[in-house]
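Source file upload.csv; content: CSV, N, CA and C atoms and all ligand atoms.
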chain,number,residue,atom,x,y,z
Y,1,MET,N,82.2,-17.9,128.0
Y,1,MET,CA,81.1,-18.0,128.9
Y,1,MET,C,79.9,-17.1,128.5
Y,2,ALA,N,78.7,-17.6,128.7
Y,2,ALA,CA,77.5,-16.9,128.3
Y,2,ALA,C,77.3,-15.6,129.1
Y,3,GLN,N,76.6,-14.7,128.5
Y,3,GLN,CA,76.2,-13.5,129.2
Y,3,GLN,C,75.1,-13.7,130.3
Y,4,GLY,N,75.2,-13.1,131.4
Y,4,GLY,CA,74.2,-13.2,132.5
Y,4,GLY,C,74.5,-14.4,133.4
Y,5,ASN,N,73.8,-14.4,134.5
Y,5,ASN,CA,74.0,-15.4,135.5
Y,5,ASN,C,72.9,-16.5,135.4
Y,6,PHE,N,73.4,-17.8,135.6
Y,6,PHE,CA,72.5,-18.9,135.4
Y,6,PHE,C,72.4,-19.7,136.7
Y,7,ALA,N,71.2,-20.3,136.9
Y,7,ALA,CA,71.1,-21.4,137.8
Y,7,ALA,C,70.6,-22.6,136.9
Y,8,THR,N,70.5,-23.8,137.6
Y,8,THR,CA,70.1,-25.0,136.8
Y,8,THR,C,69.0,-25.7,137.6
Y,9,ALA,N,67.9,-26.0,136.8
Y,9,ALA,CA,66.8,-26.7,137.5
Y,9,ALA,C,66.7,-28.1,136.8
Y,10,ILE,N,66.7,-29.1,137.7
Y,10,ILE,CA,66.4,-30.5,137.3
Y,10,ILE,C,64.9,-30.7,137.7
Y,11,ASN,N,64.1,-30.5,136.7
Y,11,ASN,CA,62.7,-30.4,137.0
Y,11,ASN,C,61.9,-31.5,136.4
Y,12,CYS,N,60.6,-31.6,136.8
Y,12,CYS,CA,59.7,-32.5,136.1
Y,12,CYS,C,59.3,-31.9,134.8
Y,13,MET,N,58.8,-32.7,133.8
Y,13,MET,CA,58.3,-32.2,132.6
Y,13,MET,C,57.0,-31.5,132.8
Y,14,ASP,N,56.4,-31.6,133.9
Y,14,ASP,CA,55.0,-31.1,134.3
Y,14,ASP,C,55.0,-29.6,134.0
Y,15,GLY,N,54.1,-29.1,133.2
Y,15,GLY,CA,54.0,-27.7,132.9
Y,15,GLY,C,53.7,-26.8,134.1
Y,16,ARG,N,53.1,-27.4,135.1
Y,16,ARG,CA,52.7,-26.6,136.3
Y,16,ARG,C,53.9,-26.2,137.2
Y,17,THR,N,55.0,-26.9,137.0
Y,17,THR,CA,56.2,-26.6,137.9
Y,17,THR,C,57.2,-25.7,137.3
Y,18,GLN,N,57.1,-25.3,136.0
Y,18,GLN,CA,58.1,-24.5,135.3
Y,18,GLN,C,58.2,-23.1,135.9
Y,19,GLU,N,57.1,-22.4,135.8
Y,19,GLU,CA,57.1,-21.0,136.2
Y,19,GLU,C,57.4,-20.8,137.7
Y,20,PRO,N,56.8,-21.6,138.5
Y,20,PRO,CA,57.1,-21.4,140.0
Y,20,PRO,C,58.6,-21.6,140.2
Y,21,THR,N,59.2,-22.6,139.5
Y,21,THR,CA,60.6,-22.8,139.7
Y,21,THR,C,61.5,-21.7,139.2
Y,22,ILE,N,61.2,-21.2,138.0
Y,22,ILE,CA,62.0,-20.1,137.5
Y,22,ILE,C,61.8,-18.8,138.3
Y,23,ASN,N,60.6,-18.5,138.7
Y,23,ASN,CA,60.4,-17.3,139.5
Y,23,ASN,C,61.1,-17.4,140.8
Y,24,TRP,N,61.0,-18.5,141.5
Y,24,TRP,CA,61.6,-18.7,142.8
Y,24,TRP,C,63.1,-18.6,142.6
Y,25,ALA,N,63.7,-19.3,141.7
Y,25,ALA,CA,65.1,-19.4,141.5
Y,25,ALA,C,65.8,-18.1,141.2
Y,26,LYS,N,65.1,-17.3,140.3
Y,26,LYS,CA,65.6,-15.9,140.0
Y,26,LYS,C,65.8,-15.1,141.2
Y,27,LYS,N,64.8,-15.1,142.1
Y,27,LYS,CA,64.9,-14.3,143.3
Y,27,LYS,C,65.9,-14.9,144.3
Y,28,GLU,N,65.8,-16.3,144.5
Y,28,GLU,CA,66.6,-16.9,145.5
Y,28,GLU,C,68.1,-16.8,145.3
Y,29,PHE,N,68.5,-16.9,144.0
Y,29,PHE,CA,69.9,-17.0,143.6
Y,29,PHE,C,70.3,-15.7,142.9
Y,30,ASN,N,69.4,-14.8,142.7
Y,30,ASN,CA,69.7,-13.5,142.0
Y,30,ASN,C,70.3,-13.8,140.6
Y,31,VAL,N,69.7,-14.7,139.8
Y,31,VAL,CA,70.1,-15.0,138.5
Y,31,VAL,C,69.2,-14.5,137.4
Y,32,ASP,N,69.7,-14.4,136.2
Y,32,ASP,CA,68.9,-13.9,135.1
Y,32,ASP,C,68.2,-15.0,134.4
Y,33,TYR,N,68.8,-16.2,134.4
Y,33,TYR,CA,68.2,-17.3,133.6
Y,33,TYR,C,68.3,-18.6,134.5
Y,34,VAL,N,67.3,-19.5,134.2
Y,34,VAL,CA,67.3,-20.8,134.8
Y,34,VAL,C,67.3,-21.9,133.7
Y,35,ASP,N,68.4,-22.6,133.6
Y,35,ASP,CA,68.5,-23.7,132.6
Y,35,ASP,C,67.6,-24.8,133.1
Y,36,ALA,N,66.8,-25.4,132.1
Y,36,ALA,CA,65.8,-26.4,132.4
Y,36,ALA,C,66.2,-27.8,131.9
Y,37,ILE,N,66.3,-28.7,132.8
Y,37,ILE,CA,66.5,-30.1,132.5
Y,37,ILE,C,65.3,-30.8,133.0
Y,38,THR,N,64.5,-31.3,132.0
Y,38,THR,CA,63.2,-31.9,132.5
Y,38,THR,C,63.1,-33.4,132.1
Y,39,GLU,N,62.5,-34.1,133.0
Y,39,GLU,CA,62.1,-35.5,132.8
Y,39,GLU,C,60.8,-35.7,133.5
Y,40,ALA,N,60.2,-36.9,133.3
Y,40,ALA,CA,59.0,-37.2,134.0
Y,40,ALA,C,59.4,-37.9,135.3
Y,41,GLY,N,59.1,-37.2,136.4
Y,41,GLY,CA,59.5,-37.7,137.7
Y,41,GLY,C,61.0,-37.8,137.9
Y,42,PRO,N,61.7,-36.7,137.8
Y,42,PRO,CA,63.2,-36.8,137.9
Y,42,PRO,C,63.7,-37.3,139.2
Y,43,ASP,N,62.9,-37.0,140.3
Y,43,ASP,CA,63.4,-37.4,141.6
Y,43,ASP,C,63.5,-39.0,141.7
Y,44,LYS,N,62.5,-39.6,141.0
Y,44,LYS,CA,62.6,-41.1,141.0
Y,44,LYS,C,63.8,-41.6,140.2
Y,45,ILE,N,64.0,-40.9,139.1
Y,45,ILE,CA,65.2,-41.3,138.2
Y,45,ILE,C,66.5,-41.2,138.9
Y,46,LEU,N,66.7,-40.0,139.6
Y,46,LEU,CA,68.0,-39.8,140.3
Y,46,LEU,C,68.1,-40.5,141.6
Y,47,ALA,N,67.0,-40.8,142.2
Y,47,ALA,CA,67.0,-41.6,143.5
Y,47,ALA,C,67.4,-43.1,143.2
Y,48,ASP,N,66.8,-43.6,142.1
Y,48,ASP,CA,67.0,-45.0,141.7
Y,48,ASP,C,68.4,-45.1,141.2
Y,49,GLY,N,68.8,-44.2,140.3
Y,49,GLY,CA,70.2,-44.1,139.8
Y,49,GLY,C,70.6,-45.1,138.8
Y,50,SER,N,69.8,-46.0,138.4
Y,50,SER,CA,70.2,-47.1,137.4
Y,50,SER,C,69.8,-46.8,136.0
Y,51,SER,N,68.9,-45.8,135.7
Y,51,SER,CA,68.5,-45.6,134.4
Y,51,SER,C,69.6,-44.9,133.5
Y,52,ASP,N,69.6,-45.1,132.2
Y,52,ASP,CA,70.5,-44.4,131.3
Y,52,ASP,C,70.2,-42.9,131.4
Y,53,LEU,N,69.0,-42.5,131.8
Y,53,LEU,CA,68.6,-41.1,131.9
Y,53,LEU,C,69.5,-40.4,132.9
Y,54,VAL,N,70.1,-41.1,133.9
Y,54,VAL,CA,70.9,-40.4,134.9
Y,54,VAL,C,72.1,-39.8,134.2
Y,55,GLU,N,72.7,-40.5,133.3
Y,55,GLU,CA,73.9,-40.0,132.5
Y,55,GLU,C,73.5,-38.8,131.6
Y,56,SER,N,72.3,-39.0,131.0
Y,56,SER,CA,71.7,-37.9,130.2
Y,56,SER,C,71.5,-36.6,131.0
Y,57,ILE,N,70.9,-36.8,132.2
Y,57,ILE,CA,70.7,-35.6,133.1
Y,57,ILE,C,72.1,-35.0,133.4
Y,58,LYS,N,73.0,-35.8,133.8
Y,58,LYS,CA,74.4,-35.4,134.2
Y,58,LYS,C,75.0,-34.6,133.1
Y,59,ASN,N,74.9,-35.1,131.9
Y,59,ASN,CA,75.5,-34.4,130.7
Y,59,ASN,C,75.0,-33.0,130.5
Y,60,ARG,N,73.7,-32.9,130.7
Y,60,ARG,CA,73.0,-31.6,130.6
Y,60,ARG,C,73.4,-30.6,131.7
Y,61,VAL,N,73.5,-31.2,133.0
Y,61,VAL,CA,73.9,-30.4,134.1
Y,61,VAL,C,75.3,-29.9,133.9
Y,62,LEU,N,76.2,-30.7,133.3
Y,62,LEU,CA,77.6,-30.3,133.0
Y,62,LEU,C,77.6,-29.1,132.0
Y,63,ILE,N,76.8,-29.1,131.0
Y,63,ILE,CA,76.7,-28.0,130.1
Y,63,ILE,C,76.3,-26.7,130.8
Y,64,SER,N,75.3,-26.8,131.7
Y,64,SER,CA,74.9,-25.7,132.4
Y,64,SER,C,75.9,-25.1,133.4
Y,65,VAL,N,76.7,-26.0,134.0
Y,65,VAL,CA,77.7,-25.6,135.0
Y,65,VAL,C,79.0,-25.1,134.2
Y,66,GLU,N,79.4,-25.8,133.2
Y,66,GLU,CA,80.7,-25.5,132.5
Y,66,GLU,C,80.5,-24.4,131.5
Y,67,LYS,N,79.4,-24.4,130.8
Y,67,LYS,CA,79.2,-23.4,129.7
Y,67,LYS,C,78.5,-22.1,130.2
Y,68,HIS,N,77.6,-22.3,131.2
Y,68,HIS,CA,76.8,-21.2,131.6
Y,68,HIS,C,77.3,-20.7,133.0
Y,69,GLY,N,78.2,-21.4,133.6
Y,69,GLY,CA,78.7,-21.0,134.9
Y,69,GLY,C,77.7,-21.1,136.1
Y,70,SER,N,76.8,-22.0,135.9
Y,70,SER,CA,75.8,-22.1,137.0
Y,70,SER,C,76.4,-22.5,138.3
Y,71,LYS,N,76.0,-21.9,139.4
Y,71,LYS,CA,76.6,-22.3,140.7
Y,71,LYS,C,75.6,-22.9,141.6
Y,72,ASN,N,74.3,-23.0,141.1
Y,72,ASN,CA,73.2,-23.6,142.0
Y,72,ASN,C,72.4,-24.6,141.1
Y,73,ILE,N,72.3,-25.8,141.6
Y,73,ILE,CA,71.5,-26.8,141.0
Y,73,ILE,C,70.3,-27.0,141.9
Y,74,ILE,N,69.1,-26.8,141.3
Y,74,ILE,CA,67.9,-27.0,142.0
Y,74,ILE,C,67.2,-28.3,141.6
Y,75,MET,N,67.0,-29.2,142.6
Y,75,MET,CA,66.4,-30.5,142.3
Y,75,MET,C,65.0,-30.4,142.8
Y,76,ILE,N,64.0,-30.7,141.9
Y,76,ILE,CA,62.6,-30.5,142.2
Y,76,ILE,C,61.9,-31.8,142.3
Y,77,ALA,N,61.0,-31.9,143.4
Y,77,ALA,CA,60.0,-32.9,143.5
Y,77,ALA,C,58.7,-32.2,143.7
Y,78,HIS,N,57.6,-32.7,143.3
Y,78,HIS,CA,56.3,-31.9,143.4
Y,78,HIS,C,55.1,-32.8,143.6
Y,79,HIS,N,54.1,-32.0,144.1
Y,79,HIS,CA,52.8,-32.6,144.4
Y,79,HIS,C,52.1,-33.1,143.1
Y,80,ASP,N,51.4,-34.1,143.1
Y,80,ASP,CA,50.6,-34.7,142.0
Y,80,ASP,C,51.4,-35.0,140.8
Y,81,CYS,N,52.6,-35.6,141.0
Y,81,CYS,CA,53.5,-35.9,139.9
Y,81,CYS,C,53.1,-37.2,139.2
Y,82,ALA,N,52.7,-37.1,137.9
Y,82,ALA,CA,52.3,-38.2,137.1
Y,82,ALA,C,53.4,-39.2,136.8
Y,83,GLY,N,54.6,-38.6,136.7
Y,83,GLY,CA,55.8,-39.4,136.4
Y,83,GLY,C,56.3,-40.2,137.6
Y,84,ASN,N,56.0,-39.8,138.8
Y,84,ASN,CA,56.4,-40.5,140.0
Y,84,ASN,C,55.2,-40.3,141.0
Y,85,PRO,N,54.2,-41.1,140.8
Y,85,PRO,CA,53.0,-41.0,141.6
Y,85,PRO,C,53.0,-41.6,143.0
Y,86,VAL,N,53.8,-41.0,143.9
Y,86,VAL,CA,54.0,-41.5,145.3
Y,86,VAL,C,53.6,-40.5,146.3
Y,87,SER,N,53.6,-40.8,147.5
Y,87,SER,CA,53.2,-39.9,148.6
Y,87,SER,C,54.3,-38.8,148.7
Y,88,LYS,N,53.9,-37.7,149.4
Y,88,LYS,CA,54.8,-36.6,149.7
Y,88,LYS,C,56.0,-37.2,150.5
Y,89,GLU,N,55.8,-38.1,151.4
Y,89,GLU,CA,56.8,-38.6,152.2
Y,89,GLU,C,57.9,-39.4,151.4
Y,90,GLU,N,57.3,-40.2,150.4
Y,90,GLU,CA,58.2,-40.9,149.5
Y,90,GLU,C,59.0,-39.9,148.6
Y,91,HIS,N,58.3,-38.9,148.1
Y,91,HIS,CA,59.0,-37.9,147.3
Y,91,HIS,C,60.2,-37.3,148.1
Y,92,LEU,N,60.0,-37.0,149.4
Y,92,LEU,CA,61.0,-36.4,150.1
Y,92,LEU,C,62.2,-37.3,150.3
Y,93,VAL,N,61.9,-38.6,150.4
Y,93,VAL,CA,63.0,-39.6,150.4
Y,93,VAL,C,63.8,-39.6,149.1
Y,94,HIS,N,63.0,-39.6,148.0
Y,94,HIS,CA,63.6,-39.6,146.7
Y,94,HIS,C,64.4,-38.3,146.4
Y,95,LEU,N,63.9,-37.2,147.0
Y,95,LEU,CA,64.6,-35.9,146.9
Y,95,LEU,C,65.9,-35.9,147.5
Y,96,GLU,N,66.0,-36.5,148.7
Y,96,GLU,CA,67.2,-36.6,149.5
Y,96,GLU,C,68.2,-37.5,148.7
Y,97,LYS,N,67.7,-38.6,148.2
Y,97,LYS,CA,68.6,-39.5,147.4
Y,97,LYS,C,69.1,-38.8,146.1
Y,98,SER,N,68.2,-38.1,145.5
Y,98,SER,CA,68.6,-37.4,144.3
Y,98,SER,C,69.7,-36.4,144.6
Y,99,VAL,N,69.6,-35.6,145.7
Y,99,VAL,CA,70.6,-34.7,146.0
Y,99,VAL,C,72.0,-35.4,146.3
Y,100,GLU,N,71.9,-36.6,146.9
Y,100,GLU,CA,73.1,-37.4,147.1
Y,100,GLU,C,73.7,-37.8,145.8
Y,101,THR,N,72.9,-38.2,144.8
Y,101,THR,CA,73.4,-38.6,143.5
Y,101,THR,C,74.1,-37.4,142.8
Y,102,ILE,N,73.4,-36.2,142.9
Y,102,ILE,CA,74.0,-35.0,142.2
Y,102,ILE,C,75.3,-34.7,142.9
Y,103,SER,N,75.3,-34.8,144.3
Y,103,SER,CA,76.5,-34.5,145.1
Y,103,SER,C,77.7,-35.4,144.7
Y,104,SER,N,77.4,-36.6,144.3
Y,104,SER,CA,78.4,-37.6,144.0
Y,104,SER,C,79.1,-37.2,142.7
Y,105,TRP,N,78.6,-36.3,141.9
Y,105,TRP,CA,79.2,-35.8,140.7
Y,105,TRP,C,80.3,-34.8,140.9
Y,106,ASN,N,80.4,-34.4,142.2
Y,106,ASN,CA,81.5,-33.5,142.6
Y,106,ASN,C,81.7,-32.3,141.7
Y,107,LEU,N,80.7,-31.5,141.5
Y,107,LEU,CA,80.7,-30.4,140.6
Y,107,LEU,C,81.2,-29.1,141.3
Y,108,GLY,N,81.2,-29.1,142.6
Y,108,GLY,CA,81.7,-27.9,143.3
Y,108,GLY,C,80.7,-26.8,143.3
Y,109,VAL,N,79.4,-27.1,143.2
Y,109,VAL,CA,78.3,-26.1,143.2
Y,109,VAL,C,77.3,-26.5,144.3
Y,110,ASP,N,76.5,-25.5,144.6
Y,110,ASP,CA,75.5,-25.8,145.6
Y,110,ASP,C,74.3,-26.6,145.1
Y,111,ILE,N,73.7,-27.5,145.9
Y,111,ILE,CA,72.6,-28.3,145.4
Y,111,ILE,C,71.5,-28.0,146.4
Y,112,ILE,N,70.3,-27.7,145.8
Y,112,ILE,CA,69.2,-27.3,146.6
Y,112,ILE,C,68.0,-28.2,146.3
Y,113,GLY,N,67.5,-28.9,147.2
Y,113,GLY,CA,66.3,-29.8,147.0
Y,113,GLY,C,65.1,-29.1,147.4
Y,114,VAL,N,64.1,-29.0,146.5
Y,114,VAL,CA,62.8,-28.3,146.8
Y,114,VAL,C,61.6,-29.1,146.6
Y,115,TRP,N,60.6,-28.8,147.3
Y,115,TRP,CA,59.3,-29.5,147.2
Y,115,TRP,C,58.3,-28.4,146.7
Y,116,ILE,N,57.6,-28.7,145.6
Y,116,ILE,CA,56.6,-27.8,145.1
Y,116,ILE,C,55.2,-28.4,145.6
Y,117,ASP,N,54.5,-27.6,146.4
Y,117,ASP,CA,53.3,-28.1,147.0
Y,117,ASP,C,52.1,-28.0,146.2
Y,118,GLU,N,50.9,-28.3,146.9
Y,118,GLU,CA,49.6,-28.3,146.2
Y,118,GLU,C,49.2,-26.9,145.7
Y,119,ASN,N,49.8,-25.9,146.3
Y,119,ASN,CA,49.5,-24.5,145.8
Y,119,ASN,C,50.6,-24.0,144.9
Y,120,TRP,N,51.4,-24.9,144.4
Y,120,TRP,CA,52.5,-24.6,143.4
Y,120,TRP,C,53.5,-23.6,144.0
Y,121,LYS,N,53.6,-23.7,145.3
Y,121,LYS,CA,54.6,-22.9,146.0
Y,121,LYS,C,55.9,-23.7,146.2
Y,122,VAL,N,57.1,-23.1,146.0
Y,122,VAL,CA,58.3,-23.8,146.1
Y,122,VAL,C,58.8,-23.7,147.6
Y,123,ASN,N,59.1,-24.8,148.2
Y,123,ASN,CA,59.6,-24.9,149.5
Y,123,ASN,C,61.0,-25.5,149.5
Y,124,LYS,N,62.0,-24.8,150.1
Y,124,LYS,CA,63.3,-25.3,150.2
Y,124,LYS,C,63.4,-26.4,151.3
Y,125,ILE,N,63.9,-27.6,150.9
Y,125,ILE,CA,63.9,-28.7,151.9
Y,125,ILE,C,65.4,-29.0,152.2
Y,126,ILE,N,66.2,-29.0,151.2
Y,126,ILE,CA,67.6,-29.4,151.4
Y,126,ILE,C,68.5,-28.3,150.8
Y,127,GLU,N,69.6,-28.0,151.5
Y,127,GLU,CA,70.6,-27.1,150.9
Y,127,GLU,C,72.0,-27.7,151.2
Y,128,ARG,N,72.6,-28.1,150.1
Y,128,ARG,CA,74.0,-28.7,150.3
Y,128,ARG,C,75.0,-27.8,149.6
Y,129,THR,N,75.9,-27.2,150.4
Y,129,THR,CA,76.8,-26.2,149.9
Y,129,THR,C,78.2,-26.8,149.9
Y,201,ZN,ZN,56.0,-34.6,137.9

Will you turn the file into structure tokens for me?
Amino acid sequence: MAQGNFATAINCMDGRTQEPTINWAKKEFNVDYVDAITEAGPDKILADGSSDLVESIKNRVLISVEKHGSKNIIMIAHHDCAGNPVSKEEHLVHLEKSVETISSWNLGVDIIGVWIDENWKVNKIIERT
């Protein structure tokens, strides 16, 4: 097992969401590192569930959980997402479905759905323990 405590972020590739997520997660979960799994509009990918990317994301989450001992998976949806350009309301629906998808993997870890708003502040929306 790697040194230090890890959390896992399934984040957008958007450069604006990386630091807010890492800073928030370090405090929220008292971890040293945040493993980053990034796609363009990951909430759409995991809500839809049909893309080959779902398996790719899952494989990377498994590495973070099994090799780094992560106990918290943070699922991110955010304001002004170019990869999933829908309203906040639709993002929150996608976020809920994404958490459902991750939950179906039965990893035995906590899953936290967050919304990153127009001020790049992280807001916890869903907590599945
Ligand atoms: Zn995005």

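Using only N, CA and C atoms and all ligand atoms as the basis for the distance check, residues found within 6.5 Å of ligand ZN 201 (chain Y) are Cys12, Met13, Asp14, Ala40, Gly41, Pro42, His78, Asp80, Cys81, Ala82, Gly83 and Asn84 of chain Y.
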
Practice prompt. Quick one: everything within 7 Å of Y:Thr8, counting only C-alpha atoms, minus sequence neighbours fewer than 2 positions away in the same chain. Send it as a list in words.
Written response: Phe6, Ile10, Val34, Asp35, Ala36, Ser64, Ser70, Asn72, Ile73 and Ile74 of chain Y

Discussion item. Show me, as a ChimeraX atom specification, the residues that have an atom within 8 Å of Y:Asp48 when counting all atoms listed in the file, minus same-chain residues fewer than 5 positions from it.
Written reply: /Y:42-43,94,97-98

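From atom C of Y:Asn123 back to atom N of Y:Glu89, the distance works out to 13.8 Å.
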
Please identify the alpha helix (DSSP H) residues within chain Y (assignment by DSSP from backbone atoms) and present them as a VMD selection string.
chain Y and resid 18 to 29 42 to 48 52 to 68 88 to 103

Keeping only N, CA and C atoms, take the residues you just selected and write them out as a compact mmCIF listing (two decimals), keeping the file's coordinate frame.
# COMPACT_ATOMS: atom_id res chain seq x y z
N GLN Y 18 57.10 -25.30 136.00
CA GLN Y 18 58.10 -24.50 135.30
C GLN Y 18 58.20 -23.10 135.90
N GLU Y 19 57.10 -22.40 135.80
CA GLU Y 19 57.10 -21.00 136.20
C GLU Y 19 57.40 -20.80 137.70
N PRO Y 20 56.80 -21.60 138.50
CA PRO Y 20 57.10 -21.40 140.00
C PRO Y 20 58.60 -21.60 140.20
N THR Y 21 59.20 -22.60 139.50
CA THR Y 21 60.60 -22.80 139.70
C THR Y 21 61.50 -21.70 139.20
N ILE Y 22 61.20 -21.20 138.00
CA ILE Y 22 62.00 -20.10 137.50
C ILE Y 22 61.80 -18.80 138.30
N ASN Y 23 60.60 -18.50 138.70
CA ASN Y 23 60.40 -17.30 139.50
C ASN Y 23 61.10 -17.40 140.80
N TRP Y 24 61.00 -18.50 141.50
CA TRP Y 24 61.60 -18.70 142.80
C TRP Y 24 63.10 -18.60 142.60
N ALA Y 25 63.70 -19.30 141.70
CA ALA Y 25 65.10 -19.40 141.50
C ALA Y 25 65.80 -18.10 141.20
N LYS Y 26 65.10 -17.30 140.30
CA LYS Y 26 65.60 -15.90 140.00
C LYS Y 26 65.80 -15.10 141.20
N LYS Y 27 64.80 -15.10 142.10
CA LYS Y 27 64.90 -14.30 143.30
C LYS Y 27 65.90 -14.90 144.30
N GLU Y 28 65.80 -16.30 144.50
CA GLU Y 28 66.60 -16.90 145.50
C GLU Y 28 68.10 -16.80 145.30
N PHE Y 29 68.50 -16.90 144.00
CA PHE Y 29 69.90 -17.00 143.60
C PHE Y 29 70.30 -15.70 142.90
N PRO Y 42 61.70 -36.70 137.80
CA PRO Y 42 63.20 -36.80 137.90
C PRO Y 42 63.70 -37.30 139.20
N ASP Y 43 62.90 -37.00 140.30
CA ASP Y 43 63.40 -37.40 141.60
C ASP Y 43 63.50 -39.00 141.70
N LYS Y 44 62.50 -39.60 141.00
CA LYS Y 44 62.60 -41.10 141.00
C LYS Y 44 63.80 -41.60 140.20
N ILE Y 45 64.00 -40.90 139.10
CA ILE Y 45 65.20 -41.30 138.20
C ILE Y 45 66.50 -41.20 138.90
N LEU Y 46 66.70 -40.00 139.60
CA LEU Y 46 68.00 -39.80 140.30
C LEU Y 46 68.10 -40.50 141.60
N ALA Y 47 67.00 -40.80 142.20
CA ALA Y 47 67.00 -41.60 143.50
C ALA Y 47 67.40 -43.10 143.20
N ASP Y 48 66.80 -43.60 142.10
CA ASP Y 48 67.00 -45.00 141.70
C ASP Y 48 68.40 -45.10 141.20
N ASP Y 52 69.60 -45.10 132.20
CA ASP Y 52 70.50 -44.40 131.30
C ASP Y 52 70.20 -42.90 131.40
N LEU Y 53 69.00 -42.50 131.80
CA LEU Y 53 68.60 -41.10 131.90
C LEU Y 53 69.50 -40.40 132.90
N VAL Y 54 70.10 -41.10 133.90
CA VAL Y 54 70.90 -40.40 134.90
C VAL Y 54 72.10 -39.80 134.20
N GLU Y 55 72.70 -40.50 133.30
CA GLU Y 55 73.90 -40.00 132.50
C GLU Y 55 73.50 -38.80 131.60
N SER Y 56 72.30 -39.00 131.00
CA SER Y 56 71.70 -37.90 130.20
C SER Y 56 71.50 -36.60 131.00
N ILE Y 57 70.90 -36.80 132.20
CA ILE Y 57 70.70 -35.60 133.10
C ILE Y 57 72.10 -35.00 133.40
N LYS Y 58 73.00 -35.80 133.80
CA LYS Y 58 74.40 -35.40 134.20
C LYS Y 58 75.00 -34.60 133.10
N ASN Y 59 74.90 -35.10 131.90
CA ASN Y 59 75.50 -34.40 130.70
C ASN Y 59 75.00 -33.00 130.50
N ARG Y 60 73.70 -32.90 130.70
CA ARG Y 60 73.00 -31.60 130.60
C ARG Y 60 73.40 -30.60 131.70
N VAL Y 61 73.50 -31.20 133.00
CA VAL Y 61 73.90 -30.40 134.10
C VAL Y 61 75.30 -29.90 133.90
N LEU Y 62 76.20 -30.70 133.30
CA LEU Y 62 77.60 -30.30 133.00
C LEU Y 62 77.60 -29.10 132.00
N ILE Y 63 76.80 -29.10 131.00
CA ILE Y 63 76.70 -28.00 130.10
C ILE Y 63 76.30 -26.70 130.80
N SER Y 64 75.30 -26.80 131.70
CA SER Y 64 74.90 -25.70 132.40
C SER Y 64 75.90 -25.10 133.40
N VAL Y 65 76.70 -26.00 134.00
CA VAL Y 65 77.70 -25.60 135.00
C VAL Y 65 79.00 -25.10 134.20
N GLU Y 66 79.40 -25.80 133.20
CA GLU Y 66 80.70 -25.50 132.50
C GLU Y 66 80.50 -24.40 131.50
N LYS Y 67 79.40 -24.40 130.80
CA LYS Y 67 79.20 -23.40 129.70
C LYS Y 67 78.50 -22.10 130.20
N HIS Y 68 77.60 -22.30 131.20
CA HIS Y 68 76.80 -21.20 131.60
C HIS Y 68 77.30 -20.70 133.00
N LYS Y 88 53.90 -37.70 149.40
CA LYS Y 88 54.80 -36.60 149.70
C LYS Y 88 56.00 -37.20 150.50
N GLU Y 89 55.80 -38.10 151.40
CA GLU Y 89 56.80 -38.60 152.20
C GLU Y 89 57.90 -39.40 151.40
N GLU Y 90 57.30 -40.20 150.40
CA GLU Y 90 58.20 -40.90 149.50
C GLU Y 90 59.00 -39.90 148.60
N HIS Y 91 58.30 -38.90 148.10
CA HIS Y 91 59.00 -37.90 147.30
C HIS Y 91 60.20 -37.30 148.10
N LEU Y 92 60.00 -37.00 149.40
CA LEU Y 92 61.00 -36.40 150.10
C LEU Y 92 62.20 -37.30 150.30
N VAL Y 93 61.90 -38.60 150.40
CA VAL Y 93 63.00 -39.60 150.40
C VAL Y 93 63.80 -39.60 149.10
N HIS Y 94 63.00 -39.60 148.00
CA HIS Y 94 63.60 -39.60 146.70
C HIS Y 94 64.40 -38.30 146.40
N LEU Y 95 63.90 -37.20 147.00
CA LEU Y 95 64.60 -35.90 146.90
C LEU Y 95 65.90 -35.90 147.50
N GLU Y 96 66.00 -36.50 148.70
CA GLU Y 96 67.20 -36.60 149.50
C GLU Y 96 68.20 -37.50 148.70
N LYS Y 97 67.70 -38.60 148.20
CA LYS Y 97 68.60 -39.50 147.40
C LYS Y 97 69.10 -38.80 146.10
N SER Y 98 68.20 -38.10 145.50
CA SER Y 98 68.60 -37.40 144.30
C SER Y 98 69.70 -36.40 144.60
N VAL Y 99 69.60 -35.60 145.70
CA VAL Y 99 70.60 -34.70 146.00
C VAL Y 99 72.00 -35.40 146.30
N GLU Y 100 71.90 -36.60 146.90
CA GLU Y 100 73.10 -37.40 147.10
C GLU Y 100 73.70 -37.80 145.80
N THR Y 101 72.90 -38.20 144.80
CA THR Y 101 73.40 -38.60 143.50
C THR Y 101 74.10 -37.40 142.80
N ILE Y 102 73.40 -36.20 142.90
CA ILE Y 102 74.00 -35.00 142.20
C ILE Y 102 75.30 -34.70 142.90
N SER Y 103 75.30 -34.80 144.30
CA SER Y 103 76.50 -34.50 145.10
C SER Y 103 77.70 -35.40 144.70

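The space separating atom C of Y:Glu96 from atom CA of Y:Ile22 comes to 21.6 Å.
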
For Y:Asn119, the closest of Y:Thr17, Y:Asn5, Y:Asn106, Y:Ser50 counting only C-alpha atoms is Y:Thr17

A straight line from atom CA of Y:Ser103 to atom C of Y:Gly4 spans 23.3 Å

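Counting only C-alpha atoms and comparing Y:Ile112, Y:Arg128, Y:Lys44, Y:Val54, the residue that lies closest to Y:Val86 is Y:Lys44.
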
(message) DSSP on the backbone, strand (DSSP E) only: what residues of chain Y does that give? Format it as a VMD selection string.
(response) chain Y and resid 6 to 12 33 to 39 72 to 78 110 to 116 122 to 128

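The residue set within 8 Å of Y:Ile125, counting all atoms listed in the file and dropping same-chain residues fewer than 5 places from it, reads Ile112, Gly113, Val114 and Trp115 of chain Y.
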